[in-house]
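What's in start.cif: mmCIF, C-alpha atoms
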data_my_file
loop_
_atom_site.label_atom_id
_atom_site.label_comp_id
_atom_site.auth_asym_id
_atom_site.auth_seq_id
_atom_site.Cartn_x
_atom_site.Cartn_y
_atom_site.Cartn_z
CA MET D 1 38.38 -15.19 13.72
CA ARG D 2 38.74 -11.50 14.56
CA ARG D 3 38.10 -10.61 10.94
CA ALA D 4 34.99 -12.80 10.92
CA LEU D 5 33.72 -11.07 14.05
CA LEU D 6 34.38 -7.67 12.53
CA GLY D 7 32.50 -8.77 9.42
CA LEU D 8 29.56 -9.86 11.56
CA LEU D 9 29.59 -6.54 13.38
CA LEU D 10 29.59 -4.62 10.12
CA LEU D 11 26.69 -6.72 8.89
CA ALA D 12 24.83 -6.15 12.13
CA VAL D 13 25.09 -2.36 12.08
CA PRO D 14 22.77 -1.52 9.17
CA ALA D 15 20.32 -4.21 10.29
CA ALA D 16 20.16 -2.80 13.83
CA ALA D 17 17.22 -0.57 12.93
CA GLU D 18 15.25 -3.65 11.94
CA ILE D 19 13.09 -5.48 14.49
CA ALA D 20 15.07 -8.22 16.27
CA PRO D 21 13.68 -11.77 15.79
CA GLY D 22 12.67 -11.96 19.45
CA GLU D 23 10.73 -8.70 19.14
CA ARG D 24 8.67 -9.76 16.13
CA ARG D 25 4.94 -9.53 16.75
CA SER D 26 2.13 -10.36 14.42
CA GLY D 27 -0.50 -7.65 13.96
CA PHE D 28 -2.81 -10.18 15.62
CA ASP D 29 -1.23 -9.42 19.02
CA GLN D 30 -2.24 -5.75 18.80
CA MET D 31 -5.88 -6.39 17.94
CA THR D 32 -8.80 -6.21 20.36
CA PRO D 33 -9.93 -9.51 21.95
CA GLU D 34 -13.14 -9.30 19.85
CA LEU D 35 -11.20 -9.13 16.58
CA ARG D 36 -8.87 -11.91 17.64
CA ALA D 37 -11.87 -14.09 18.41
CA MET D 38 -13.31 -13.24 14.99
CA GLN D 39 -10.11 -14.41 13.31
CA THR D 40 -9.61 -17.61 15.27
CA ASP D 41 -13.27 -18.77 15.20
CA GLU D 42 -13.67 -20.42 11.80
CA ALA D 43 -17.42 -19.91 11.98
CA ALA D 44 -17.00 -16.15 12.41
CA ASN D 45 -14.00 -15.43 10.15
CA PRO D 46 -15.42 -14.04 6.88
CA GLY D 47 -12.23 -15.13 5.11
CA GLN D 48 -13.53 -18.69 5.40
CA LEU D 49 -16.16 -17.79 2.77
CA TRP D 50 -13.33 -17.30 0.27
CA VAL D 51 -11.53 -20.43 1.48
CA GLY D 52 -14.71 -22.41 0.79
CA ASP D 53 -15.00 -20.92 -2.70
CA GLY D 54 -11.32 -21.64 -3.32
CA GLU D 55 -11.56 -25.26 -2.23
CA GLU D 56 -14.43 -25.71 -4.65
CA ALA D 57 -12.46 -24.07 -7.47
CA TRP D 58 -9.46 -26.26 -6.61
CA ALA D 59 -11.48 -29.36 -7.45
CA ALA D 60 -13.31 -27.91 -10.50
CA ALA D 61 -11.87 -28.51 -13.98
CA PRO D 62 -11.22 -25.36 -16.05
CA PRO D 63 -13.38 -24.81 -19.16
CA THR D 64 -10.40 -25.80 -21.35
CA GLY D 65 -10.92 -29.47 -20.48
CA ARG D 66 -7.48 -29.76 -18.83
CA PRO D 67 -7.24 -31.20 -15.33
CA ALA D 68 -8.33 -29.24 -12.25
CA CYS D 69 -5.74 -28.18 -9.67
CA ALA D 70 -6.70 -31.32 -7.75
CA GLY D 71 -6.04 -33.44 -10.88
CA CYS D 72 -2.27 -32.91 -10.55
CA HIS D 73 -1.77 -31.87 -6.91
CA GLY D 74 -4.40 -33.99 -5.18
CA ALA D 75 -6.30 -32.56 -2.23
CA VAL D 76 -5.70 -28.90 -1.38
CA ALA D 77 -4.27 -30.10 1.96
CA THR D 78 -1.10 -31.13 0.07
CA MET D 79 -0.41 -27.37 -0.25
CA ARG D 80 0.50 -27.21 3.46
CA GLY D 81 3.69 -25.22 3.85
CA VAL D 82 3.59 -23.58 0.42
CA ALA D 83 2.39 -20.15 1.59
CA ALA D 84 5.13 -20.11 4.23
CA ARG D 85 7.92 -20.22 1.64
CA TYR D 86 6.54 -17.95 -1.09
CA PRO D 87 7.51 -15.75 -2.97
CA ALA D 88 9.85 -18.24 -4.66
CA TRP D 89 11.98 -18.29 -7.80
CA ASP D 90 10.35 -19.49 -11.01
CA GLU D 91 12.83 -21.20 -13.35
CA ALA D 92 10.95 -20.69 -16.60
CA ALA D 93 10.03 -17.05 -16.03
CA ALA D 94 13.43 -16.37 -14.38
CA ARG D 95 11.89 -14.10 -11.77
CA PRO D 96 10.39 -14.38 -8.30
CA VAL D 97 6.66 -15.18 -8.15
CA ASP D 98 4.22 -14.83 -5.28
CA LEU D 99 1.46 -17.28 -4.42
CA GLN D 100 -1.20 -15.68 -6.62
CA GLY D 101 1.37 -15.36 -9.41
CA ARG D 102 2.12 -19.08 -9.09
CA ILE D 103 -1.60 -19.90 -9.33
CA ASN D 104 -1.89 -17.83 -12.50
CA LEU D 105 1.25 -19.40 -14.00
CA CYS D 106 -0.22 -22.84 -13.30
CA ARG D 107 -3.44 -21.77 -15.02
CA THR D 108 -1.69 -20.54 -18.17
CA ARG D 109 0.98 -23.28 -18.36
CA HIS D 110 -0.91 -26.39 -17.34
CA GLN D 111 -4.59 -25.58 -17.66
CA GLY D 112 -4.46 -23.53 -20.87
CA ALA D 113 -6.71 -20.99 -19.17
CA ASP D 114 -6.47 -17.21 -18.95
CA PRO D 115 -4.82 -15.76 -15.86
CA LEU D 116 -7.32 -14.55 -13.27
CA PRO D 117 -7.38 -10.75 -12.83
CA PHE D 118 -5.73 -9.24 -9.73
CA GLU D 119 -8.07 -8.88 -6.72
CA SER D 120 -10.79 -10.85 -8.51
CA ARG D 121 -12.81 -13.12 -6.27
CA PRO D 122 -11.71 -16.37 -7.99
CA LEU D 123 -8.01 -15.51 -7.62
CA LEU D 124 -8.37 -14.39 -4.00
CA ALA D 125 -10.42 -17.50 -3.22
CA LEU D 126 -7.85 -19.93 -4.67
CA THR D 127 -5.00 -18.06 -2.99
CA ALA D 128 -6.87 -18.08 0.33
CA ALA D 129 -7.60 -21.80 0.08
CA VAL D 130 -3.92 -22.59 -0.61
CA ALA D 131 -2.61 -20.15 2.02
CA ALA D 132 -5.03 -21.40 4.68
CA GLN D 133 -3.39 -24.85 4.51
CA SER D 134 -0.24 -23.36 6.04
CA ARG D 135 -2.04 -21.85 9.02
CA GLY D 136 0.15 -22.08 12.11
CA LEU D 137 3.37 -22.88 10.24
CA PRO D 138 6.28 -20.45 10.67
CA VAL D 139 7.16 -18.12 7.80
CA ALA D 140 10.19 -19.80 6.17
CA PRO D 141 11.59 -17.83 3.23
CA PRO D 142 13.80 -19.95 0.96
CA ALA D 143 17.56 -19.40 1.07
CA ASP D 144 17.69 -19.17 -2.73
CA PRO D 145 20.49 -16.76 -3.74
CA ARG D 146 18.63 -15.90 -6.96
CA LEU D 147 16.05 -14.11 -4.79
CA ASP D 148 18.68 -11.92 -3.13
CA PRO D 149 18.71 -9.04 -5.66
CA ALA D 150 14.92 -8.64 -5.40
CA ARG D 151 15.11 -8.97 -1.62
CA ALA D 152 17.74 -6.22 -1.48
CA GLU D 153 15.57 -4.08 -3.74
CA GLY D 154 12.65 -4.69 -1.39
CA GLU D 155 14.68 -3.57 1.58
CA ARG D 156 15.73 -0.47 -0.35
CA LEU D 157 12.10 0.35 -1.15
CA PHE D 158 11.09 -0.29 2.47
CA THR D 159 13.68 2.08 3.90
CA ARG D 160 13.52 4.73 1.16
CA ARG D 161 11.58 7.94 1.81
CA THR D 162 8.87 8.46 -0.77
CA GLY D 163 5.68 10.38 -1.51
CA GLN D 164 4.57 13.89 -0.63
CA LEU D 165 4.84 13.10 3.08
CA ASP D 166 8.46 12.01 2.52
CA LEU D 167 8.01 8.89 4.64
CA ALA D 168 9.67 5.49 4.50
CA CYS D 169 7.79 2.31 5.50
CA ALA D 170 10.56 1.58 8.03
CA GLN D 171 10.07 4.89 9.86
CA CYS D 172 6.74 3.67 11.21
CA HIS D 173 6.89 -0.12 11.01
CA ASP D 174 10.48 -0.62 12.23
CA ALA D 175 10.92 2.38 14.51
CA LEU D 176 7.48 3.33 15.84
CA TRP D 177 5.49 0.10 15.95
CA GLY D 178 3.25 -0.22 18.97
CA ARG D 179 2.77 3.58 19.11
CA ARG D 180 -0.30 5.25 17.70
CA LEU D 181 -1.14 6.93 14.43
CA GLY D 182 -4.40 8.70 15.21
CA ALA D 183 -6.62 6.05 16.77
CA SER D 184 -4.80 3.06 15.25
CA THR D 185 -1.92 1.14 16.74
CA ILE D 186 1.02 1.00 14.33
CA PRO D 187 1.69 -2.67 13.53
CA GLN D 188 5.07 -4.09 12.57
CA GLY D 189 3.71 -4.66 9.10
CA HIS D 190 4.17 -8.41 8.69
CA PRO D 191 2.67 -10.20 5.66
CA ASN D 192 1.82 -13.42 7.53
CA GLY D 193 -1.96 -13.34 7.13
CA TYR D 194 -2.56 -12.62 3.45
CA PRO D 195 -4.92 -12.76 1.70
CA LEU D 196 -6.77 -11.26 4.67
CA TYR D 197 -10.19 -9.87 5.48
CA ARG D 198 -9.91 -6.20 6.32
CA LEU D 199 -12.89 -4.64 8.07
CA GLU D 200 -12.12 -1.31 6.43
CA TRP D 201 -12.39 -2.97 3.02
CA GLN D 202 -15.38 -5.13 3.98
CA ASP D 203 -13.60 -7.57 1.73
CA LEU D 204 -10.72 -9.99 1.34
CA GLY D 205 -7.62 -8.47 -0.24
CA SER D 206 -4.06 -9.33 -1.20
CA LEU D 207 -0.82 -7.92 0.16
CA GLN D 208 -0.56 -5.86 -3.02
CA ARG D 209 -3.84 -4.14 -2.22
CA ARG D 210 -2.58 -3.45 1.30
CA LEU D 211 0.72 -2.03 -0.02
CA ARG D 212 -1.21 0.20 -2.42
CA ASN D 213 -3.15 1.51 0.61
CA CYS D 214 0.13 2.26 2.40
CA LEU D 215 1.53 4.06 -0.64
CA THR D 216 -1.54 6.26 -1.11
CA GLY D 217 -1.44 6.96 2.65
CA MET D 218 2.11 8.23 2.20
CA ARG D 219 0.79 10.21 -0.77
CA ALA D 220 3.04 8.28 -3.12
CA GLU D 221 1.86 6.95 -6.46
CA PRO D 222 1.07 3.24 -6.03
CA TYR D 223 2.71 0.80 -8.45
CA PRO D 224 0.28 -0.99 -10.75
CA PHE D 225 -0.94 -4.46 -9.67
CA GLY D 226 1.64 -7.11 -10.48
CA ALA D 227 4.56 -4.66 -10.49
CA PRO D 228 7.98 -6.17 -9.59
CA GLU D 229 8.22 -3.65 -6.73
CA TYR D 230 5.46 -5.51 -4.86
CA LEU D 231 7.32 -8.81 -5.30
CA ALA D 232 10.53 -7.20 -4.01
CA LEU D 233 8.71 -5.72 -1.01
CA GLU D 234 6.97 -9.02 -0.27
CA LEU D 235 10.31 -10.86 -0.38
CA HIS D 236 11.81 -8.38 2.06
CA LEU D 237 8.74 -8.45 4.31
CA MET D 238 8.64 -12.26 4.42
CA ARG D 239 12.32 -12.40 5.38
CA ARG D 240 11.58 -9.76 8.01
CA ALA D 241 8.67 -11.87 9.32
CA GLN D 242 10.64 -15.14 9.42
CA GLY D 243 9.38 -17.39 12.20
CA LEU D 244 5.95 -15.78 12.66
CA ALA D 245 3.00 -18.11 12.21
CA ILE D 246 0.96 -17.98 9.01
CA GLU D 247 -2.57 -16.76 9.86
CA ALA D 248 -4.25 -16.74 6.45
CA PRO D 249 -7.04 -15.80 6.07
CA ALA D 250 -6.42 -13.29 8.87
CA VAL D 251 -8.79 -10.53 10.02
CA ARG D 252 -7.48 -7.02 10.46
CA PRO D 253 -9.17 -3.71 11.31
CA MET J 1 -25.82 -18.82 -4.84
CA ALA J 2 -24.04 -17.02 -2.09
CA ARG J 3 -21.72 -19.06 0.08
CA THR J 4 -22.89 -19.54 3.65
CA LEU J 5 -21.28 -20.89 6.80
CA ILE J 6 -23.63 -22.30 9.39
CA ASN J 7 -22.27 -23.57 12.66
CA LEU J 8 -24.31 -25.38 15.30
CA PRO J 9 -23.71 -28.49 17.41
CA LYS J 10 -24.71 -31.75 15.66
CA THR J 11 -26.10 -33.16 18.91
CA ALA J 12 -27.40 -31.61 22.11
CA LYS J 13 -29.01 -32.75 25.34
CA ALA J 14 -32.76 -32.11 25.67
CA GLY J 15 -33.36 -28.70 27.24
CA ALA J 16 -29.86 -27.42 26.50
CA VAL J 17 -29.29 -23.93 25.11
CA ILE J 18 -27.44 -24.16 21.81
CA GLU J 19 -25.65 -21.39 19.96
CA ILE J 20 -26.12 -21.04 16.20
CA LYS J 21 -23.69 -18.97 14.11
CA THR J 22 -24.44 -17.97 10.55
CA LEU J 23 -22.33 -16.13 8.01
CA ILE J 24 -23.34 -15.33 4.42
CA SER J 25 -21.34 -13.87 1.57
CA HIS J 26 -23.07 -10.67 0.49
CA PRO J 27 -21.73 -7.20 -0.50
CA MET J 28 -24.45 -5.27 1.46
CA GLU J 29 -24.15 -2.32 -0.92
CA THR J 30 -25.67 0.60 0.97
CA GLY J 31 -27.01 2.65 -1.95
CA TYR J 32 -25.19 5.72 -0.65
CA ARG J 33 -21.77 5.07 -2.17
CA PRO J 34 -20.70 6.61 -5.49
CA GLY J 35 -19.24 4.19 -8.03
CA PRO J 36 -16.21 4.79 -10.27
CA GLU J 37 -18.25 7.10 -12.54
CA GLY J 38 -19.54 9.21 -9.68
CA ARG J 39 -23.09 7.88 -9.79
CA LEU J 40 -24.60 6.20 -6.73
CA VAL J 41 -24.36 2.42 -6.78
CA PRO J 42 -27.91 1.09 -6.35
CA ARG J 43 -28.77 -0.44 -3.00
CA ASP J 44 -28.29 -4.19 -2.76
CA ILE J 45 -28.70 -5.55 0.75
CA ILE J 46 -30.17 -8.49 2.61
CA THR J 47 -33.27 -7.16 4.36
CA GLU J 48 -34.42 -10.14 6.38
CA PHE J 49 -33.12 -13.29 8.00
CA VAL J 50 -35.37 -15.99 9.45
CA CYS J 51 -34.43 -19.21 11.22
CA ARG J 52 -37.11 -21.88 11.56
CA PHE J 53 -37.08 -25.20 13.37
CA GLU J 54 -39.37 -27.75 11.71
CA GLY J 55 -41.36 -24.85 10.24
CA GLU J 56 -41.66 -22.95 13.53
CA GLU J 57 -39.92 -19.59 13.67
CA VAL J 58 -37.20 -19.37 16.32
CA PHE J 59 -35.29 -16.24 15.30
CA ARG J 60 -35.85 -13.31 12.94
CA ALA J 61 -33.72 -10.27 12.14
CA GLU J 62 -34.24 -7.23 9.95
CA LEU J 63 -31.11 -5.88 8.27
CA PHE J 64 -30.49 -2.32 7.13
CA PRO J 65 -27.97 -0.46 4.93
CA ALA J 66 -25.68 0.12 7.92
CA THR J 67 -25.11 -3.63 8.33
CA SER J 68 -21.61 -4.56 7.18
CA ALA J 69 -20.83 -6.85 4.26
CA ASN J 70 -20.97 -10.63 4.77
CA PRO J 71 -23.41 -10.36 7.70
CA TYR J 72 -22.65 -12.59 10.66
CA LEU J 73 -25.58 -13.41 12.92
CA THR J 74 -25.38 -15.49 16.05
CA PHE J 75 -28.25 -16.44 18.36
CA THR J 76 -29.29 -19.13 20.81
CA THR J 77 -32.25 -21.46 21.01
CA LEU J 78 -33.50 -24.29 23.18
CA ALA J 79 -32.89 -27.86 21.99
CA GLU J 80 -36.14 -29.73 22.69
CA ARG J 81 -36.32 -32.45 20.04
CA SER J 82 -34.45 -33.67 16.98
CA GLY J 83 -35.20 -31.93 13.72
CA THR J 84 -34.03 -29.59 10.99
CA PHE J 85 -33.30 -25.89 11.14
CA THR J 86 -33.87 -23.86 7.97
CA PHE J 87 -32.17 -20.52 7.48
CA THR J 88 -33.57 -18.04 4.94
CA TRP J 89 -31.99 -14.80 3.84
CA THR J 90 -34.06 -12.50 1.60
CA GLY J 91 -33.09 -9.17 0.13
CA ASP J 92 -33.00 -6.69 -2.73
CA ASN J 93 -33.13 -7.73 -6.39
CA GLY J 94 -35.06 -10.86 -5.54
CA PHE J 95 -32.28 -12.28 -3.39
CA SER J 96 -33.42 -15.36 -1.54
CA GLN J 97 -31.43 -18.23 -0.17
CA THR J 98 -32.36 -21.08 2.11
CA GLU J 99 -30.00 -23.50 3.83
CA SER J 100 -30.71 -26.20 6.37
CA ALA J 101 -28.92 -28.04 9.15
CA ALA J 102 -29.98 -30.98 11.31
CA LEU J 103 -29.87 -31.28 15.08
CA THR J 104 -30.11 -34.53 17.01
CA VAL J 105 -31.35 -34.28 20.58
CA THR J 106 -30.14 -37.03 22.87
#
As structure tokens - that is how I would like this structure written.
Amino acid sequence: MRRALLGLLLLAVPAAAEIAPGERRSGFDQMTPELRAMQTDEAANPGQLWVGDGEEAWAAAPPTGRPACAGCHGAVATMRGVAARYPAWDEAAARPVDLQGRINLCRTRHQGADPLPFESRPLLALTAAVAAQSRGLPVAPPADPRLDPARAEGERLFTRRTGQLDLACAQCHDALWGRRLGASTIPQGHPNGYPLYRLEWQDLGSLQRRLRNCLTGMRAEPYPFGAPEYLALELHLMRRAQGLAIEAPAVRP
Amino acid sequence: MARTLINLPKTAKAGAVIEIKTLISHPMETGYRPGPEGRLVPRDIITEFVCRFEGEEVFRAELFPATSANPYLTFTTLAERSGTFTFTWTGDNGFSQTESAALTVT
């Protein structure tokens, strides 16, 4: 018993810098009332334009003559809960895959079609349509031990100093959230709204695009799209955001 | 065809003020931004939006390069009788799109 307690204490020490579950706040809570209204009003949220495109693509057969997404899965509403548990382990590829990676694997394996390019409108639209089904559900990362090495790597990347500014993600998003960086409030950096519409981008973008922004902001060289580092970071961030509600497609400044 | 989202009540009482919300997917390229090769990307914006009720104009807006992408316009009008609203966006490079929505006045 005492040994178990000691073990728990030892485990708790390095995690102490991380935000406690009760302290977790979505970036939504730090936005202005106007922006919150823009996100929650489906008639005003520009992300809904992509969701509409994605729902159409979900039902449309690919040019290869194989079935559409809806041909196997049924209505897109059956995807409720999927975004909350991704990234997940893929047996055949023997690596973790994120939601957009899963969509592209489905395209190549079952539809005989080419994978959609990163940040292309069709890929963002399908991802948004699938992710939007999980709106309101809590982030629930799977307890799959095969994901643990990547998760640990993600945590290492998140807490490691990098770039010309010699900053770690955790220095701002774990330790200084709620304070200000210039005119912006520092968010906790949770991935619960992706793909999201960012006003700065005037566009919908994936978590990978957002992470590339962070890396260039730290004056570090961003990893190329699809790099395993993004998967590792997303796995860590999703575990860190466990319990927060999925907001996709969210709106952020 | 650009995707649009039009939101208005399906029914309204006679004489009620109704709110209409419109959103259209459009890049609203200003013409002032350099592209990847350093040359300016040519302007491509929506320049005009008109809402008509049974052919009669109820709302008009001019849009300029400073308008953000995917313009969202919201306005109000008086519900007097049942009929159809038409929404027309016109812009650069021959862009023109018309959508419609019906309103029933009870």
For J:Ile45, find every residue with an atom within 8 Å (counting all atoms listed in the file), except residues of its own chain fewer than 4 positions away, and show them as number ranges by chain.
J: 26-30, 63-65, 91-92
Given the selection you just returned, output its residues as a file containing C-alpha atoms, formatted as a compact mmCIF listing (two decimals), in the coordinates of the input.
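Result went into again-v9.txt, see below:
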# COMPACT_ATOMS: atom_id res chain seq x y z
CA HIS J 26 -23.07 -10.67 0.49
CA PRO J 27 -21.73 -7.20 -0.50
CA MET J 28 -24.45 -5.27 1.46
CA GLU J 29 -24.15 -2.32 -0.92
CA THR J 30 -25.67 0.60 0.97
CA LEU J 63 -31.11 -5.88 8.27
CA PHE J 64 -30.49 -2.32 7.13
CA PRO J 65 -27.97 -0.46 4.93
CA GLY J 91 -33.09 -9.17 0.13
CA ASP J 92 -33.00 -6.69 -2.73
Identify every residue of chain D that has at least one atom within 9 Å of any atom of chain J, counting only C-alpha atoms, and report the result as a PyMOL selection string.
chain D and resi 43-46+48-50+52-53+199+202-203
Determine, counting all atoms listed in the file, which protein, DNA and RNA residues have an atom within 7 Å of an atom of D:Ala83; residues of the same chain fewer than 5 positions away are not included. Present the result as an MDAnalysis selection string.
chainID D and resid 99 131 134
On this structure, which residues satisfy the PyMOL selection byres ((chain J and resi 11) around 7), written as an mmCIF file with C-alpha atoms, in the frame of the given file?
data_model
loop_
_atom_site.group_PDB
_atom_site.id
_atom_site.type_symbol
_atom_site.label_atom_id
_atom_site.label_comp_id
_atom_site.auth_asym_id
_atom_site.auth_seq_id
_atom_site.Cartn_x
_atom_site.Cartn_y
_atom_site.Cartn_z
ATOM 1 C CA PRO J 9 -23.710 -28.490 17.410
ATOM 2 C CA LYS J 10 -24.710 -31.750 15.660
ATOM 3 C CA ALA J 12 -27.400 -31.610 22.110
ATOM 4 C CA LEU J 103 -29.870 -31.280 15.080
ATOM 5 C CA THR J 104 -30.110 -34.530 17.010
ATOM 6 C CA VAL J 105 -31.350 -34.280 20.580
ATOM 7 C CA THR J 106 -30.140 -37.030 22.870
#
Translate the PyMOL selection byres ((chain J and resi 48) around 9) into a concrete residue list for this structure, as a PyMOL selection string.
chain J and resi 46-47+49-50+60-64+88-91
Take atom CA of D:Gly136 and atom CA of D:Leu157 and report the distance between them in Å, one decimal.
28.7 Å
Write out as a ChimeraX atom specification each polymer residue whose atoms come within 8 Å of D:Glu229, counting only C-alpha atoms; drop sequence neighbours fewer than 3 positions from it.
/D:153-154,157,223,232-233
Just say which residues the PyMOL selection byres ((chain D and resi 86) around 8) picks in this file, as an NGL selection string.
:D and (82-85 or 87-88 or 97-99 or 141-142)
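Across the model, the gap from atom CA of D:Cys69 to atom CA of D:Arg239 is 28.3 Å.
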List the neighbours of J:Leu78 out to 7 Å using all atoms listed in the file; skip same-chain residues closer than 5 positions along the sequence, and give me the result as a PyMOL selection string.
chain J and resi 15-18
Tell me, as a PyMOL selection string, which residues lie within 10 Å of D:Arg151, counting only C-alpha atoms; anything in the same chain fewer than 2 positions away does not count.
chain D and resi 96+145-149+153-157+231-239
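Across the structure, atom CA of D:Met31 and atom CA of D:Pro122 are spaced 28.4 Å apart.
Among J:Arg52, J:Thr98, J:Lys13, J:Thr67, the residue with the shortest atom-to-atom distance to J:Phe85, counting only C-alpha atoms, is J:Arg52.
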